[in-house]
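S.K.: File target.txt below, compact mmCIF, C-alpha atoms:
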```
# COMPACT_ATOMS: atom_id res chain seq x y z
CA MET F 1 -2.75 15.21 -15.36
CA THR F 2 0.22 17.54 -15.14
CA VAL F 3 2.46 17.29 -12.10
CA LYS F 4 2.80 20.63 -10.33
CA ALA F 5 6.21 21.54 -8.95
CA ILE F 6 7.96 24.28 -7.05
CA GLY F 7 11.56 25.26 -7.57
CA LEU F 8 13.97 25.59 -4.66
CA LEU F 9 17.02 27.83 -4.49
CA LEU F 10 19.31 28.42 -1.53
CA LEU F 11 20.78 31.84 -2.17
CA ASP F 12 23.93 31.04 -0.20
CA VAL F 13 24.53 28.00 -2.41
CA SER F 14 23.74 29.69 -5.73
CA GLY F 15 25.84 32.75 -5.02
CA PRO F 16 26.72 34.45 -8.31
CA HIS F 17 25.16 31.55 -10.27
CA LEU F 18 21.55 32.37 -9.38
CA LEU F 19 20.37 32.81 -12.99
CA ARG F 20 22.07 29.58 -14.05
CA ASP F 21 20.41 27.70 -11.19
CA GLU F 22 16.99 29.16 -12.05
CA ARG F 23 17.52 27.98 -15.64
CA VAL F 24 18.43 24.47 -14.43
CA ILE F 25 15.16 24.30 -12.48
CA THR F 26 13.10 25.52 -15.44
CA GLU F 27 14.79 23.13 -17.86
CA LEU F 28 14.35 20.17 -15.50
CA ALA F 29 10.63 20.99 -15.11
CA ASP F 30 10.24 21.22 -18.90
CA LYS F 31 12.17 17.99 -19.49
CA HIS F 32 9.86 16.01 -17.20
CA GLY F 33 6.66 17.83 -18.18
CA TYR F 34 6.11 19.40 -14.75
CA THR F 35 4.26 22.69 -14.34
CA LEU F 36 6.48 25.01 -12.31
CA THR F 37 4.13 27.00 -10.06
CA ARG F 38 6.53 28.91 -7.83
CA LEU F 39 10.21 29.48 -7.12
CA VAL F 40 11.08 29.45 -3.42
CA THR F 41 14.28 31.25 -2.51
CA ILE F 42 15.83 30.62 0.87
CA ALA F 43 18.33 33.02 2.43
CA HIS F 44 20.46 32.45 5.52
CA ASP F 45 17.91 34.35 7.61
CA THR F 46 14.74 32.69 6.26
CA PHE F 47 12.54 31.68 9.17
CA MET F 48 11.74 27.95 9.26
CA PRO F 49 12.83 27.19 5.68
CA THR F 50 11.70 23.55 5.66
CA THR F 51 8.23 24.57 6.80
CA LEU F 52 8.17 27.30 4.15
CA ILE F 53 9.06 24.81 1.41
CA VAL F 54 6.45 22.24 2.43
CA ALA F 55 3.74 24.86 3.03
CA THR F 56 4.42 26.49 -0.34
CA ALA F 57 4.24 23.14 -2.11
CA HIS F 58 0.97 22.34 -0.35
CA ASN F 59 -0.54 25.77 -1.08
CA MET F 60 0.43 25.52 -4.76
CA GLY F 61 -0.83 21.94 -5.10
CA ALA F 62 2.71 20.83 -5.95
CA THR F 63 3.88 17.27 -5.41
CA MET F 64 7.43 17.86 -6.63
CA VAL F 65 10.30 20.06 -5.42
CA ILE F 66 12.98 20.78 -8.03
CA ALA F 67 16.45 21.99 -7.07
CA PRO F 68 19.51 22.65 -9.24
CA SER F 69 21.65 20.34 -7.07
CA VAL F 70 21.47 18.31 -3.86
CA ASP F 71 23.33 21.13 -2.11
CA HIS F 72 20.07 23.11 -2.25
CA ILE F 73 18.10 20.43 -0.41
CA LYS F 74 18.47 20.62 3.35
CA HIS F 75 16.36 18.34 5.53
CA ALA F 76 15.45 16.12 2.58
CA ARG F 77 13.77 13.52 4.79
CA ALA F 78 11.39 16.12 6.21
CA ILE F 79 10.51 17.53 2.79
CA ALA F 80 10.09 14.03 1.31
CA ILE F 81 7.24 13.35 3.72
CA ALA F 82 5.20 15.76 1.58
CA CYS F 83 6.83 15.82 -1.87
CA ASP F 84 9.16 14.11 -4.28
CA LEU F 85 12.49 15.91 -4.69
CA ILE F 86 14.45 15.99 -7.92
CA THR F 87 17.76 17.43 -9.11
CA PRO F 88 19.57 16.80 -12.38
CA THR F 89 21.38 13.85 -10.75
CA HIS F 90 19.18 12.67 -7.85
CA ARG F 91 15.61 11.76 -7.10
CA ILE F 92 14.21 11.35 -3.59
CA PRO F 93 10.71 9.85 -3.64
CA CYS F 94 7.95 10.99 -1.33
CA THR F 95 7.70 8.80 1.76
CA SER F 96 4.09 9.64 2.64
CA PRO F 97 2.03 6.47 3.00
CA ASP F 98 -0.57 8.12 0.74
CA ARG F 99 1.92 8.72 -2.08
CA ARG F 100 4.63 6.13 -1.64
CA GLY F 101 6.34 5.43 -4.93
CA GLY F 102 6.53 9.06 -6.06
CA MET F 103 5.38 10.82 -9.18
CA SER F 104 6.99 10.75 -12.59
```
If you took the structure in this file and wrote it as structure tokens, what would it be?

M.R.:
Amino acid sequence: MTVKAIGLLLLDVSGPHLLRDERVITELADKHGYTLTRLVTIAHDTFMPTTLIVATAHNMGATMVIAPSVDHIKHARAIAIACDLITPTHRIPCTSPDRRGGMS
């Protein structure tokens, strides 16, 4: 079964490197065999961004959030209740009692 994932970009963090960061997300999904179902972009005025991320993951059936760097992951503990988080250099496993141990 393929793991579904969403990508996460904070526009304020990406700045002029938005296309590069999108490519990092896509390449990381491909490398691990994840199906990228959506790219969530968060701006400084996005209402309730953590809720948006978790709700989008849930609605897309995603169990993984992929970001180009840890700088894009705010409130990691809250997101990790619902999903695993991965960047090129870090992995934060889901802490839900139903999924403890994460996905690969």

S.K.: Choose the residue, out of F:Asp71, F:Val24, F:Leu36, F:Leu8, that has the smallest atom-to-atom separation from Val54 of chain F; count only C-alpha atoms.

M.R.: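 With only C-alpha atoms as the atom set, the closest residue is F:Leu8.
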
S.K.: Rounded to one decimal, what separation in Å do you get between atom CA of Leu11 of chain F and atom CA of Pro93 of chain F?

M.R.: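 So the answer is 24.2 Å.
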
S.K.: Check the smallest atom-to-atom distance from each of F:Met60, F:Ala67, F:Val13, F:Leu18 to Thr35 of chain F using only C-alpha atoms, then report the winner.

M.R.: F:Met60

S.K.: One decimal, Å: what's the distance from atom CA of Ala57 of chain F over to atom CA of Asp12 of chain F, could you say?

M.R.: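 So the two atoms, atom CA of Ala57 of chain F and atom CA of Asp12 of chain F, lie 21.3 Å apart.
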
S.K.: Between atom CA of Ala82 of chain F and atom CA of Gly33 of chain F, what distance in Å does the model show, to one decimal?

M.R.: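 Going from atom CA of Ala82 of chain F over to atom CA of Gly33 of chain F covers 19.9 Å.
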
S.K.: Closest to Thr87 of chain F among F:Thr51, F:Thr56, F:Thr26, F:Thr63, using all atoms listed in the file?

M.R.: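 Among F:Thr51, F:Thr56, F:Thr26, F:Thr63, it is F:Thr26 that comes nearest to Thr87 of chain F.
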
S.K.: From the list F:Ala5, F:Val70, F:Ala62, F:Ile53, which residue is nearest Asp21 of chain F when using all atoms listed in the file?

M.R.: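 Using all atoms listed in the file, Asp21 of chain F sits closest to F:Val70.
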
S.K.: Using only C-alpha atoms, which of the listed residues (F:Ile42, F:Met48, F:Ile73, F:Leu28) sits closest to Leu85 of chain F?

M.R.: F:Ile73

S.K.: With only C-alpha atoms as the atoms that count, which of F:Ser14, F:Ile6, F:Cys83, F:Pro49 lies nearest to Asp98 of chain F?

M.R.: F:Cys83

S.K.: Please work out which residues fall within 7 Å of (5.7, 13.6, -15.8), coordinates as given in the file, with all atoms listed in the file counting, and return them as a ChimeraX atom specification.

M.R.: /F:2-3,32-34,104
